[in-house]
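**Q** Contents of data-v1.cif (mmCIF, C-alpha atoms; chains and numbers go by the auth columns):
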data_target
loop_
_atom_site.group_PDB
_atom_site.id
_atom_site.type_symbol
_atom_site.label_atom_id
_atom_site.label_comp_id
_atom_site.label_asym_id
_atom_site.label_seq_id
_atom_site.Cartn_x
_atom_site.Cartn_y
_atom_site.Cartn_z
_atom_site.B_iso_or_equiv
_atom_site.auth_seq_id
_atom_site.auth_asym_id
ATOM 1 C CA GLY A 1 -9.068 -19.456 -8.776 0.00 228 A
ATOM 2 C CA ALA A 2 -9.636 -15.697 -8.646 0.00 229 A
ATOM 3 C CA PRO A 3 -13.020 -14.719 -10.157 0.00 230 A
ATOM 4 C CA SER A 4 -11.456 -11.798 -12.034 0.00 231 A
ATOM 5 C CA VAL A 5 -8.171 -9.971 -12.538 0.00 232 A
ATOM 6 C CA VAL A 6 -7.896 -6.235 -13.287 0.00 233 A
ATOM 7 C CA ALA A 7 -4.872 -4.837 -15.136 0.00 234 A
ATOM 8 C CA PRO A 8 -4.824 -1.018 -15.197 0.00 235 A
ATOM 9 C CA PRO A 9 -3.004 0.858 -17.963 0.00 236 A
ATOM 10 C CA ALA A 10 0.780 0.733 -17.545 0.00 237 A
ATOM 11 C CA ALA A 11 0.400 -1.967 -14.884 0.00 238 A
ATOM 12 C CA GLY A 12 4.057 -2.961 -15.219 0.00 239 A
ATOM 13 C CA VAL A 13 5.318 0.438 -14.050 0.00 240 A
ATOM 14 C CA LEU A 14 2.646 1.585 -11.581 0.00 241 A
ATOM 15 C CA SER A 15 4.941 0.896 -8.618 0.00 242 A
ATOM 16 C CA ALA A 16 7.612 3.094 -10.188 0.00 243 A
ATOM 17 C CA ALA A 17 5.049 5.792 -10.938 0.00 244 A
ATOM 18 C CA GLY A 18 3.840 5.672 -7.348 0.00 245 A
ATOM 19 C CA PHE A 19 7.390 5.975 -6.070 0.00 246 A
ATOM 20 C CA LEU A 20 8.012 9.039 -8.227 0.00 247 A
ATOM 21 C CA THR A 21 4.766 10.758 -7.181 0.00 248 A
ATOM 22 C CA ALA A 22 4.912 9.953 -3.448 0.00 249 A
ATOM 23 C CA PRO A 23 5.986 12.664 -0.999 0.00 250 A
ATOM 24 C CA LEU A 24 9.597 12.519 0.168 0.00 251 A
ATOM 25 C CA ALA A 25 9.579 10.980 3.646 0.00 252 A
ATOM 26 C CA PHE A 26 11.833 9.520 6.328 0.00 253 A
ATOM 27 C CA ASP A 27 10.946 6.946 8.975 0.00 254 A
ATOM 28 C CA PHE A 28 12.594 7.028 12.424 0.00 255 A
ATOM 29 C CA VAL A 29 12.287 4.627 15.356 0.00 256 A
ATOM 30 C CA ARG A 30 13.402 4.563 18.983 0.00 257 A
ATOM 31 C CA SER A 31 13.063 1.546 21.264 0.00 258 A
ATOM 32 C CA ALA A 32 11.793 2.196 24.779 0.00 259 A
ATOM 33 C CA ARG A 33 9.857 -0.808 26.031 0.00 260 A
ATOM 34 C CA ALA A 34 7.536 -0.205 28.967 0.00 261 A
ATOM 35 C CA ALA A 35 4.014 -0.844 30.193 0.00 262 A
ATOM 36 C CA VAL A 36 1.764 2.042 29.212 0.00 263 A
ATOM 37 C CA HIS A 37 0.997 2.934 32.823 0.00 264 A
ATOM 38 C CA ASP A 38 4.730 2.980 33.656 0.00 265 A
ATOM 39 C CA LEU A 39 5.791 5.285 30.838 0.00 266 A
ATOM 40 C CA GLU A 40 7.640 8.485 31.537 0.00 267 A
ATOM 41 C CA TRP A 41 5.737 10.858 29.276 0.00 268 A
ATOM 42 C CA ALA A 42 8.426 13.524 29.363 0.00 269 A
ATOM 43 C CA GLN A 43 10.853 10.928 28.004 0.00 270 A
ATOM 44 C CA VAL A 44 8.368 9.941 25.269 0.00 271 A
ATOM 45 C CA ASP A 45 7.904 13.567 24.216 0.00 272 A
ATOM 46 C CA ALA A 46 11.683 13.997 24.133 0.00 273 A
ATOM 47 C CA LEU A 47 12.052 10.940 21.874 0.00 274 A
ATOM 48 C CA PHE A 48 9.406 12.279 19.490 0.00 275 A
ATOM 49 C CA ALA A 49 10.998 15.731 19.436 0.00 276 A
ATOM 50 C CA GLU A 50 14.412 14.220 18.715 0.00 277 A
ATOM 51 C CA MET A 51 13.098 12.202 15.766 0.00 278 A
ATOM 52 C CA GLU A 52 11.090 15.103 14.373 0.00 279 A
ATOM 53 C CA ALA A 53 14.129 17.374 14.494 0.00 280 A
ATOM 54 C CA GLU A 54 16.137 14.746 12.651 0.00 281 A
ATOM 55 C CA GLY A 55 13.436 14.488 10.008 0.00 282 A
ATOM 56 C CA GLU A 56 13.277 18.244 9.499 0.00 283 A
ATOM 57 C CA THR A 57 17.051 18.384 9.108 0.00 284 A
ATOM 58 C CA LEU A 58 17.151 15.629 6.488 0.00 285 A
ATOM 59 C CA LEU A 59 14.213 17.049 4.541 0.00 286 A
ATOM 60 C CA ALA A 60 15.729 20.543 4.633 0.00 287 A
ATOM 61 C CA LYS A 61 18.866 19.125 3.009 0.00 288 A
ATOM 62 C CA SER A 62 16.600 17.846 0.221 0.00 289 A
ATOM 63 C CA GLY A 63 15.066 21.281 -0.241 0.00 290 A
ATOM 64 C CA VAL A 64 11.793 20.552 1.603 0.00 291 A
ATOM 65 C CA ALA A 65 10.598 23.419 3.777 0.00 292 A
ATOM 66 C CA GLU A 66 7.064 22.250 4.643 0.00 293 A
ATOM 67 C CA VAL A 67 7.274 19.183 6.894 0.00 294 A
ATOM 68 C CA THR A 68 4.569 17.162 8.607 0.00 295 A
ATOM 69 C CA HIS A 69 5.095 14.454 11.234 0.00 296 A
ATOM 70 C CA ARG A 70 3.116 11.353 12.141 0.00 297 A
ATOM 71 C CA ARG A 71 3.703 9.862 15.569 0.00 298 A
ATOM 72 C CA ILE A 72 3.267 6.107 15.954 0.00 299 A
ATOM 73 C CA ALA A 73 3.574 3.657 18.845 0.00 300 A
ATOM 74 C CA GLU A 74 4.261 -0.052 18.278 0.00 301 A
ATOM 75 C CA MET A 75 2.114 -1.689 20.961 0.00 302 A
ATOM 76 C CA ARG A 76 0.880 -5.086 22.093 0.00 303 A
ATOM 77 C CA TYR A 77 -0.883 -6.850 24.906 0.00 304 A
ATOM 78 C CA THR A 78 1.657 -7.920 27.516 0.00 305 A
ATOM 79 C CA GLY A 79 2.926 -11.389 26.648 0.00 306 A
ATOM 80 C CA GLN A 80 2.067 -11.282 22.955 0.00 307 A
ATOM 81 C CA GLY A 81 4.823 -12.010 20.442 0.00 308 A
ATOM 82 C CA TYR A 82 3.863 -9.312 17.935 0.00 309 A
ATOM 83 C CA GLU A 83 2.879 -5.669 18.005 0.00 310 A
ATOM 84 C CA ILE A 84 0.680 -3.330 15.976 0.00 311 A
ATOM 85 C CA ARG A 85 1.243 0.267 14.895 0.00 312 A
ATOM 86 C CA VAL A 86 -1.001 2.718 16.692 0.00 313 A
ATOM 87 C CA PRO A 87 -1.286 6.430 15.822 0.00 314 A
ATOM 88 C CA VAL A 88 -0.328 8.745 18.668 0.00 315 A
ATOM 89 C CA ARG A 89 -2.691 11.699 18.657 0.00 316 A
ATOM 90 C CA GLY A 90 -1.926 13.236 22.027 0.00 317 A
ATOM 91 C CA GLY A 91 -4.623 13.873 24.567 0.00 318 A
ATOM 92 C CA SER A 92 -4.934 12.524 28.063 0.00 319 A
ATOM 93 C CA TRP A 93 -2.126 10.083 28.836 0.00 320 A
ATOM 94 C CA PRO A 94 -2.265 7.148 29.211 0.00 321 A
ATOM 95 C CA ARG A 95 -6.004 6.742 28.629 0.00 322 A
ATOM 96 C CA SER A 96 -6.011 8.140 25.077 0.00 323 A
ATOM 97 C CA LEU A 97 -3.158 5.853 24.002 0.00 324 A
ATOM 98 C CA ILE A 98 -4.875 2.739 25.359 0.00 325 A
ATOM 99 C CA GLU A 99 -8.156 3.759 23.684 0.00 326 A
ATOM 100 C CA GLU A 100 -6.355 4.239 20.364 0.00 327 A
ATOM 101 C CA PHE A 101 -4.659 0.849 20.770 0.00 328 A
ATOM 102 C CA THR A 102 -7.995 -0.854 21.489 0.00 329 A
ATOM 103 C CA ARG A 103 -9.618 0.843 18.485 0.00 330 A
ATOM 104 C CA THR A 104 -6.755 -0.160 16.160 0.00 331 A
ATOM 105 C CA TYR A 105 -6.658 -3.733 17.483 0.00 332 A
ATOM 106 C CA ARG A 106 -10.403 -4.165 17.023 0.00 333 A
ATOM 107 C CA ALA A 107 -10.245 -2.764 13.478 0.00 334 A
ATOM 108 C CA LEU A 108 -7.532 -5.306 12.595 0.00 335 A
ATOM 109 C CA TYR A 109 -8.903 -8.401 14.316 0.00 336 A
ATOM 110 C CA ARG A 110 -12.620 -7.635 14.888 0.00 337 A
ATOM 111 C CA ARG A 111 -12.192 -8.273 18.604 0.00 338 A
ATOM 112 C CA THR A 112 -10.277 -7.096 21.613 0.00 339 A
ATOM 113 C CA GLY A 113 -7.499 -9.015 23.314 0.00 340 A
ATOM 114 C CA PRO A 114 -7.113 -10.624 26.725 0.00 341 A
ATOM 115 C CA GLU A 115 -7.662 -8.793 30.013 0.00 342 A
ATOM 116 C CA VAL A 116 -3.989 -7.987 30.522 0.00 343 A
ATOM 117 C CA GLY A 117 -1.870 -4.881 30.435 0.00 344 A
ATOM 118 C CA VAL A 118 -0.694 -3.055 27.323 0.00 345 A
ATOM 119 C CA GLU A 119 2.908 -2.190 26.566 0.00 346 A
ATOM 120 C CA VAL A 120 4.869 -0.154 24.033 0.00 347 A
ATOM 121 C CA LEU A 121 7.990 -1.521 22.359 0.00 348 A
ATOM 122 C CA ASN A 122 8.947 1.217 19.907 0.00 349 A
ATOM 123 C CA TRP A 123 8.113 4.815 19.095 0.00 350 A
ATOM 124 C CA ARG A 124 8.122 5.966 15.470 0.00 351 A
ATOM 125 C CA VAL A 125 7.943 9.225 13.578 0.00 352 A
ATOM 126 C CA VAL A 126 7.269 9.542 9.853 0.00 353 A
ATOM 127 C CA SER A 127 8.457 12.941 8.640 0.00 354 A
ATOM 128 C CA SER A 128 7.289 13.867 5.147 0.00 355 A
ATOM 129 C CA GLY A 129 7.134 16.760 2.755 0.00 356 A
ATOM 130 C CA PRO A 130 4.113 17.769 0.648 0.00 357 A
ATOM 131 C CA ALA A 131 2.912 15.462 -2.094 0.00 358 A
ATOM 132 C CA PRO A 132 4.120 16.465 -5.581 0.00 359 A
ATOM 133 C CA ASP A 133 1.608 18.323 -7.711 0.00 360 A
ATOM 134 C CA VAL A 134 1.244 15.476 -10.185 0.00 361 A
ATOM 135 C CA THR A 135 -1.841 13.869 -11.686 0.00 362 A
ATOM 136 C CA LEU A 136 -1.520 10.412 -13.207 0.00 363 A
ATOM 137 C CA ARG A 137 -3.616 10.061 -16.322 0.00 364 A
ATOM 138 C CA LEU A 138 -4.642 6.421 -16.431 0.00 365 A
ATOM 139 C CA THR A 139 -7.682 6.669 -18.712 0.00 366 A
ATOM 140 C CA ALA A 140 -6.516 5.091 -21.944 0.00 367 A
ATOM 141 C CA GLU A 141 -7.901 6.212 -25.277 0.00 368 A
ATOM 142 C CA ALA A 142 -7.867 3.759 -28.160 0.00 369 A
ATOM 143 C CA SER A 143 -5.663 4.914 -31.016 0.00 370 A
ATOM 144 C CA GLY A 144 -7.970 3.371 -33.605 0.00 371 A
ATOM 145 C CA GLY A 145 -7.388 0.740 -36.266 0.00 372 A
ATOM 146 C CA ASP A 146 -7.420 -3.037 -36.058 0.00 373 A
ATOM 147 C CA ALA A 147 -6.324 -4.117 -32.591 0.00 374 A
ATOM 148 C CA ARG A 148 -5.630 -7.704 -33.656 0.00 375 A
ATOM 149 C CA LYS A 149 -1.932 -8.050 -34.543 0.00 376 A
ATOM 150 C CA GLY A 150 -2.067 -11.699 -35.616 0.00 377 A
ATOM 151 C CA THR A 151 -1.648 -15.089 -33.970 0.00 378 A
ATOM 152 C CA ARG A 152 1.153 -17.133 -32.479 0.00 379 A
ATOM 153 C CA LYS A 153 1.586 -20.390 -30.635 0.00 380 A
ATOM 154 C CA ALA A 154 1.309 -20.115 -26.851 0.00 381 A
ATOM 155 C CA TYR A 155 1.406 -22.790 -24.164 0.00 382 A
ATOM 156 C CA PHE A 156 -1.478 -23.167 -21.690 0.00 383 A
ATOM 157 C CA PRO A 157 -1.502 -25.913 -19.033 0.00 384 A
ATOM 158 C CA SER A 158 -5.270 -26.343 -19.392 0.00 385 A
ATOM 159 C CA THR A 159 -4.846 -27.379 -23.031 0.00 386 A
ATOM 160 C CA GLY A 160 -1.825 -29.588 -22.400 0.00 387 A
ATOM 161 C CA GLY A 161 0.189 -27.956 -25.145 0.00 388 A
ATOM 162 C CA PHE A 162 0.635 -25.041 -27.538 0.00 389 A
ATOM 163 C CA VAL A 163 -2.423 -23.537 -29.221 0.00 390 A
ATOM 164 C CA ASP A 164 -2.993 -20.780 -31.770 0.00 391 A
ATOM 165 C CA THR A 165 -3.480 -17.575 -29.764 0.00 392 A
ATOM 166 C CA ASP A 166 -4.743 -14.195 -30.937 0.00 393 A
ATOM 167 C CA VAL A 167 -2.423 -11.274 -30.149 0.00 394 A
ATOM 168 C CA PHE A 168 -3.854 -7.778 -29.588 0.00 395 A
ATOM 169 C CA ASP A 169 -2.424 -4.275 -29.372 0.00 396 A
ATOM 170 C CA ARG A 170 -3.749 -2.831 -26.140 0.00 397 A
ATOM 171 C CA TYR A 171 -3.461 0.720 -27.398 0.00 398 A
ATOM 172 C CA ARG A 172 -6.045 -0.040 -30.107 0.00 399 A
ATOM 173 C CA LEU A 173 -8.617 -1.674 -27.821 0.00 400 A
ATOM 174 C CA ALA A 174 -11.530 0.713 -27.234 0.00 401 A
ATOM 175 C CA PRO A 175 -13.600 0.709 -24.015 0.00 402 A
ATOM 176 C CA GLY A 176 -16.369 -1.868 -24.202 0.00 403 A
ATOM 177 C CA THR A 177 -14.317 -4.258 -26.355 0.00 404 A
ATOM 178 C CA ARG A 178 -14.437 -7.932 -25.334 0.00 405 A
ATOM 179 C CA VAL A 179 -11.777 -10.447 -26.275 0.00 406 A
ATOM 180 C CA GLY A 180 -12.214 -14.184 -25.870 0.00 407 A
ATOM 181 C CA GLY A 181 -9.370 -16.432 -24.767 0.00 408 A
ATOM 182 C CA PRO A 182 -6.922 -17.740 -25.520 0.00 409 A
ATOM 183 C CA ALA A 183 -5.467 -14.319 -26.219 0.00 410 A
ATOM 184 C CA ILE A 184 -2.463 -12.144 -25.459 0.00 411 A
ATOM 185 C CA VAL A 185 -2.789 -8.382 -25.048 0.00 412 A
ATOM 186 C CA GLU A 186 0.491 -6.529 -25.475 0.00 413 A
ATOM 187 C CA GLU A 187 1.603 -3.065 -24.382 0.00 414 A
ATOM 188 C CA ARG A 188 4.985 -1.474 -23.695 0.00 415 A
ATOM 189 C CA GLU A 189 4.973 -2.054 -19.946 0.00 416 A
ATOM 190 C CA SER A 190 3.284 -5.429 -19.509 0.00 417 A
ATOM 191 C CA THR A 191 1.475 -8.316 -21.144 0.00 418 A
ATOM 192 C CA VAL A 192 -1.990 -9.592 -20.212 0.00 419 A
ATOM 193 C CA VAL A 193 -2.713 -13.263 -20.865 0.00 420 A
ATOM 194 C CA VAL A 194 -6.318 -14.385 -21.328 0.00 421 A
ATOM 195 C CA PRO A 195 -6.561 -18.166 -20.757 0.00 422 A
ATOM 196 C CA PRO A 196 -8.748 -20.447 -22.865 0.00 423 A
ATOM 197 C CA GLY A 197 -12.377 -20.135 -21.805 0.00 424 A
ATOM 198 C CA ALA A 198 -11.844 -16.725 -20.196 0.00 425 A
ATOM 199 C CA HIS A 199 -12.822 -13.291 -21.477 0.00 426 A
ATOM 200 C CA CYS A 200 -11.178 -9.892 -21.338 0.00 427 A
ATOM 201 C CA ALA A 201 -13.225 -6.692 -21.281 0.00 428 A
ATOM 202 C CA VAL A 202 -11.920 -3.143 -21.652 0.00 429 A
ATOM 203 C CA ARG A 203 -13.456 -0.950 -18.944 0.00 430 A
ATOM 204 C CA ASP A 204 -14.294 2.732 -19.295 0.00 431 A
ATOM 205 C CA ASP A 205 -11.179 3.685 -17.302 0.00 432 A
ATOM 206 C CA GLY A 206 -8.980 1.751 -19.735 0.00 433 A
ATOM 207 C CA ALA A 207 -8.326 -1.153 -17.360 0.00 434 A
ATOM 208 C CA LEU A 208 -8.572 -4.710 -18.652 0.00 435 A
ATOM 209 C CA GLU A 209 -10.729 -7.079 -16.620 0.00 436 A
ATOM 210 C CA VAL A 210 -10.183 -10.792 -17.217 0.00 437 A
ATOM 211 C CA THR A 211 -12.913 -13.145 -16.013 0.00 438 A
ATOM 212 C CA GLY A 212 -13.129 -16.906 -16.183 0.00 439 A
#
Before we go any further, please render this structure as structure tokens.
**A**
Amino acid sequence: GAPSVVAPPAAGVLSAAGFLTAPLAFDFVRSARAAVHDLEWAQVDALFAEMEAEGETLLAKSGVAEVTHRRIAEMRYTGQGYEIRVPVRGGSWPRSLIEEFTRTYRALYRRTGPEVGVEVLNWRVVSSGPAPDVTLRLTAEASGGDARKGTRKAYFPSTGGFVDTDVFDRYRLAPGTRVGGPAIVEERESTVVVPPGAHCAVRDDGALEVTG
């Protein structure tokens, strides 16, 4: 029932590409449940410092010298069965932490919670190195020639059986090209299926957009 589906170039391996181009990072957590107004801030700072030191040690072993840390508190209204992650930016304790919690909660749920206290369950630190100097080139250029490779039988539930289906080479589809379904667009990493009655258009960035 989606009005359109967008398949970028190399859609089948984008997760792997993202993994390879993401900065090396480690996530640490310490549990220390307490109401915000009852927190021992010296203890909280000690927990953060402990996790940050651990992150710097692990990243140094991986050859990372430049390390950044993000401090996070997992918070909730007292009595709730779930918590949300709130950035810890420092400032005036505990007021700044409660304000950040309220801002994050409102952004997630478009409202604030009940008139009860706020508590912290866990403290987190994300220690990461710099992002790799890599640029993903996702703008596909058509290699030219006839993009239609032929036809083959393909099954579609809407037709109740197998129908003759055009097969296209994605690498030969130029921007602006439109393909009517039923059709199959093949590339090395993935296959895009265009159902009967739908259309596939090649966008300027090389992505395929299938609309019903």
**Q** Give one line per residue of range 232-335 of chain A that approaches range 408-416 of chain A to at most 9 Å, naming the two atoms of the closest pair and their distance in Å to one decimal, counting all atoms listed in the file; sort by chain then ascending residue number and deliver it as a Markdown table.
**A**
| residue | atom | partner | partner_atom | distance |
| --- | --- | --- | --- | --- |
| A:Pro236 | CA | A:Glu416 | CA | 8.7 |
| A:Ala237 | CA | A:Glu416 | CA | 5.6 |
| A:Ala238 | CA | A:Glu416 | CA | 6.8 |
| A:Gly239 | CA | A:Glu416 | CA | 4.9 |
| A:Val240 | CA | A:Glu416 | CA | 6.4 |
**Q** With the file shown as input, list the residues that the PyMOL selection byres ((chain A and resi 428) around 10) selects, as a list in words.
**A**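 With the shown file as input, the PyMOL selection byres ((chain A and resi 428) around 10) matches Val233, Leu400, Ala401, Pro402, Gly403, Thr404, Arg405, Val406, Gly407, His426, Cys427, Val429, Arg430, Asp431, Gly433, Ala434, Leu435, Glu436, Val437 and Thr438 of chain A.
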**Q** Name every residue that the PyMOL selection byres ((chain A and resi 286-298) around 12) selects in this structure, writing the answer as a count of residues only with chains first and numbers rising.
**A** 43
**Q** So how many Å separate CA of Phe246 in chain A and CA of Arg397 in chain A, to one decimal?
**A**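 Computing the Euclidean distance for CA of Phe246 in chain A and CA of Arg397 in chain A yields 24.6 Å.
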**Q** For the atom pair CA of Ser258 in chain A and CA of Arg337 in chain A, what is the interatomic distance in Å to one decimal place?
**A**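 CA of Arg337 in chain A lies 28.0 Å from CA of Ser258 in chain A.
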**Q** Can you measure CA of Val419 in chain A to CA of Val232 in chain A for me? One decimal in Å is fine.
**A** 9.9 Å
